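Input: a single structure, listed below in structure tokens.
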Amino acid sequence: MVHVTGGDLSLGEDMDLGSIGVWTFAFEGQPIGKVREAAAELDELGYGAIWFGEAFGRDALGQASLLLHATRRMVVATGIARASLRDPLSMAAAHLTLTEAFPERFLLGLGGHRSPKQQSVPGVNDFIQPDPRPLETMRDYLEAMDKAPLQGFEVRPRRVFAALGPQMLRLAAEKTWGAHPYFVPVEHTAKAREILGPEPVLAVEQAVVLGGDRDVARTHVGFYLAAQHQTNNLRRLGFGDADFADGPSDRLVDAIVVTGDADAIAKRVREHLDAGANHVCVQVLTADPQRIPMAEWRELAGLIRRPAA
């Protein structure tokens, strides 16, 4: 397991993300009892962290509290809490509260501003107004969090930023503990590490389909091609119109999603680690997104002990 250190917004013991975590949307819409049981088992299986999105269900900070209470050891990380839905004062207060209650176990991943050219995803981005200056807005937001007039806290919390492009990655290195890129190939990890420098944490999401159902992988990739910031990022990495027309190309699907057995997934995890990631959070995709993929998480827990050489 990788012991992650560094960052300019932390005091106390180092937060240990481990090399491998879980990233999921599968808790959305699930009864709280099932979420607690799944989180507790993930903790026992040895995953270093659990990351979850905010789009269709519970408030991200409330969900984080639920997961922290259900686990004993692992880090709970938002991936991401939407800054556009909260003012900096309320975000900072919640961040400090969870950090104080669960020292070195809560990691705030934040982001979520939408550029004017980014297509709105019905039911997800309807409440997020386009922002013509996302970089400046996020810089102002992070600085406002740091200046929030809050009293009574003896901690300084850790946060990471959902950064993809060079300017956002530089902002992550300057103002946070590091970056949490989502929907990226290994080539992006190498470029992100170069831009971030050696110290900031780089926690990368990797989508996987255990068993190799390429239709599931293609559907996942196609959904995110509606997001302009994602296609812009892919274009910077050498993908073009031919990869986006009439659905994602095979080349693009294979770059974003691993389809295969545990060994194939372990190989991709190792590639990200070798390219400069400190931590890889694996998102298991299935044909039924409403199902908690507990069986798959159990099978992949072996990656914690043996990432591919």
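To be explicit about the labels: the chains of the structure tokens are called A, B, and onward in the order shown, and within each one the residues are counted from 1, while ligands get numbers from 1 in the order they are shown.
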
Inset, instruction - Just the helix (DSSP H, G or I) stuff from range 83-292 of chain A, please, per backbone DSSP, written as an MDAnalysis selection string. - result: chainID A and resid 83:85 88:101 134:146 166:175 186:196 214:224 228:236 241:244 250:256 262:275

Legend entry - Of the listed residues A:Phe25, A:Phe239, A:Phe106, A:Tyr47, that which approaches Val280 in chain A most closely, counting only C-alpha atoms: A:Tyr47

Inset, instruction - Compile the contact shell of Ala70 in chain A as a list in words: residues with an atom at most 12 Å away, counting only C-alpha atoms, same-chain residues fewer than 3 positions apart removed. - result: Ile32, Gly33, Lys34, Val35, Arg36, Glu37, Ala38, Ala39, Ala40, Glu41, Leu42, Asp43, Glu44, Ile50, Gln63, Ala64, Ser65, Leu66, Leu67, Arg73, Met74, Val75, Val76 and Phe102 of chain A

Prev. selection, N, CA and C atoms, output as a PDB file, in the first residue's frame:
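Generated file (out.pdb):
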ATOM      1  N   ILE A  32     -30.403   3.088   3.516  1.00  0.00           N
ATOM      2  CA  ILE A  32     -29.235   3.413   4.326  1.00  0.00           C
ATOM      3  C   ILE A  32     -28.632   2.156   4.957  1.00  0.00           C
ATOM      4  N   GLY A  33     -29.477   1.212   5.373  1.00  0.00           N
ATOM      5  CA  GLY A  33     -28.964  -0.004   5.979  1.00  0.00           C
ATOM      6  C   GLY A  33     -28.029  -0.764   5.050  1.00  0.00           C
ATOM      7  N   LYS A  34     -28.404  -0.872   3.777  1.00  0.00           N
ATOM      8  CA  LYS A  34     -27.556  -1.570   2.807  1.00  0.00           C
ATOM      9  C   LYS A  34     -26.258  -0.812   2.565  1.00  0.00           C
ATOM     10  N   VAL A  35     -26.335   0.508   2.550  1.00  0.00           N
ATOM     11  CA  VAL A  35     -25.131   1.314   2.361  1.00  0.00           C
ATOM     12  C   VAL A  35     -24.166   1.094   3.520  1.00  0.00           C
ATOM     13  N   ARG A  36     -24.686   1.102   4.742  1.00  0.00           N
ATOM     14  CA  ARG A  36     -23.836   0.876   5.920  1.00  0.00           C
ATOM     15  C   ARG A  36     -23.154  -0.493   5.845  1.00  0.00           C
ATOM     16  N   GLU A  37     -23.920  -1.513   5.497  1.00  0.00           N
ATOM     17  CA  GLU A  37     -23.366  -2.865   5.436  1.00  0.00           C
ATOM     18  C   GLU A  37     -22.277  -2.970   4.374  1.00  0.00           C
ATOM     19  N   ALA A  38     -22.519  -2.382   3.208  1.00  0.00           N
ATOM     20  CA  ALA A  38     -21.536  -2.445   2.132  1.00  0.00           C
ATOM     21  C   ALA A  38     -20.260  -1.704   2.514  1.00  0.00           C
ATOM     22  N   ALA A  39     -20.408  -0.518   3.098  1.00  0.00           N
ATOM     23  CA  ALA A  39     -19.234   0.260   3.490  1.00  0.00           C
ATOM     24  C   ALA A  39     -18.416  -0.480   4.538  1.00  0.00           C
ATOM     25  N   ALA A  40     -19.085  -1.086   5.514  1.00  0.00           N
ATOM     26  CA  ALA A  40     -18.373  -1.819   6.554  1.00  0.00           C
ATOM     27  C   ALA A  40     -17.592  -2.991   5.958  1.00  0.00           C
ATOM     28  N   GLU A  41     -18.175  -3.665   4.973  1.00  0.00           N
ATOM     29  CA  GLU A  41     -17.459  -4.785   4.365  1.00  0.00           C
ATOM     30  C   GLU A  41     -16.275  -4.296   3.538  1.00  0.00           C
ATOM     31  N   LEU A  42     -16.433  -3.189   2.815  1.00  0.00           N
ATOM     32  CA  LEU A  42     -15.306  -2.627   2.067  1.00  0.00           C
ATOM     33  C   LEU A  42     -14.152  -2.295   3.010  1.00  0.00           C
ATOM     34  N   ASP A  43     -14.483  -1.771   4.173  1.00  0.00           N
ATOM     35  CA  ASP A  43     -13.471  -1.463   5.178  1.00  0.00           C
ATOM     36  C   ASP A  43     -12.735  -2.734   5.592  1.00  0.00           C
ATOM     37  N   GLU A  44     -13.480  -3.794   5.840  1.00  0.00           N
ATOM     38  CA  GLU A  44     -12.875  -5.061   6.253  1.00  0.00           C
ATOM     39  C   GLU A  44     -12.054  -5.684   5.132  1.00  0.00           C
ATOM     40  N   ILE A  50     -12.974   5.011   0.108  1.00  0.00           N
ATOM     41  CA  ILE A  50     -14.200   4.889  -0.679  1.00  0.00           C
ATOM     42  C   ILE A  50     -14.589   6.274  -1.162  1.00  0.00           C
ATOM     43  N   GLN A  63     -23.875  12.056   3.195  1.00  0.00           N
ATOM     44  CA  GLN A  63     -23.469  10.684   2.850  1.00  0.00           C
ATOM     45  C   GLN A  63     -22.093  10.364   3.428  1.00  0.00           C
ATOM     46  N   ALA A  64     -21.188  11.345   3.400  1.00  0.00           N
ATOM     47  CA  ALA A  64     -19.859  11.122   3.969  1.00  0.00           C
ATOM     48  C   ALA A  64     -19.948  10.794   5.456  1.00  0.00           C
ATOM     49  N   SER A  65     -20.797  11.522   6.165  1.00  0.00           N
ATOM     50  CA  SER A  65     -20.976  11.254   7.590  1.00  0.00           C
ATOM     51  C   SER A  65     -21.506   9.839   7.818  1.00  0.00           C
ATOM     52  N   LEU A  66     -22.475   9.433   7.009  1.00  0.00           N
ATOM     53  CA  LEU A  66     -23.027   8.086   7.104  1.00  0.00           C
ATOM     54  C   LEU A  66     -21.941   7.035   6.921  1.00  0.00           C
ATOM     55  N   LEU A  67     -21.089   7.217   5.909  1.00  0.00           N
ATOM     56  CA  LEU A  67     -20.052   6.234   5.608  1.00  0.00           C
ATOM     57  C   LEU A  67     -18.955   6.240   6.662  1.00  0.00           C
ATOM     58  N   ARG A  73     -11.706   2.375   9.626  1.00  0.00           N
ATOM     59  CA  ARG A  73     -10.321   2.621   9.236  1.00  0.00           C
ATOM     60  C   ARG A  73     -10.179   3.435   7.955  1.00  0.00           C
ATOM     61  N   MET A  74     -10.966   3.107   6.948  1.00  0.00           N
ATOM     62  CA  MET A  74     -10.732   3.644   5.616  1.00  0.00           C
ATOM     63  C   MET A  74     -11.078   5.126   5.517  1.00  0.00           C
ATOM     64  N   VAL A  75     -10.465   5.780   4.542  1.00  0.00           N
ATOM     65  CA  VAL A  75     -10.766   7.172   4.237  1.00  0.00           C
ATOM     66  C   VAL A  75     -12.072   7.233   3.448  1.00  0.00           C
ATOM     67  N   VAL A  76     -12.896   8.207   3.751  1.00  0.00           N
ATOM     68  CA  VAL A  76     -14.112   8.478   2.984  1.00  0.00           C
ATOM     69  C   VAL A  76     -13.890   9.777   2.227  1.00  0.00           C
ATOM     70  N   PHE A 102     -13.709  12.906  12.605  1.00  0.00           N
ATOM     71  CA  PHE A 102     -13.038  11.702  12.098  1.00  0.00           C
ATOM     72  C   PHE A 102     -11.637  12.083  11.611  1.00  0.00           C
TER      73      PHE A 102
END

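The smallest atom-to-atom distance between Ala144 in chain A and any of A:Ala287, A:Leu234, A:Ala93, A:Ala173, using only C-alpha atoms, is found for A:Ala93.
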
Legend entry - Filtered DSSP result for range 2-245 of chain A, state strand (DSSP E), as an MDAnalysis selection string: chainID A and resid 20:24 49:52 75:78 81:82 106:111 159:161 178:179 201:210

Legend entry - Residues within 9 Å of Gly112 in chain A, only C-alpha atoms, excluding chain neighbours under 2 positions, as a PyMOL selection string: chain A and resi 80-85+110+114+128+162

Inset, instruction - Write out as JSON, numbers by chain which residues come within 10 Å of Leu210 in chain A when counting only C-alpha atoms, dropping same-chain ones fewer than 2 positions away. - result: {"A": [207, 208, 212, 213, 258, 259, 260, 261, 262, 264, 265, 284, 285, 286, 296, 297, 299, 300]}
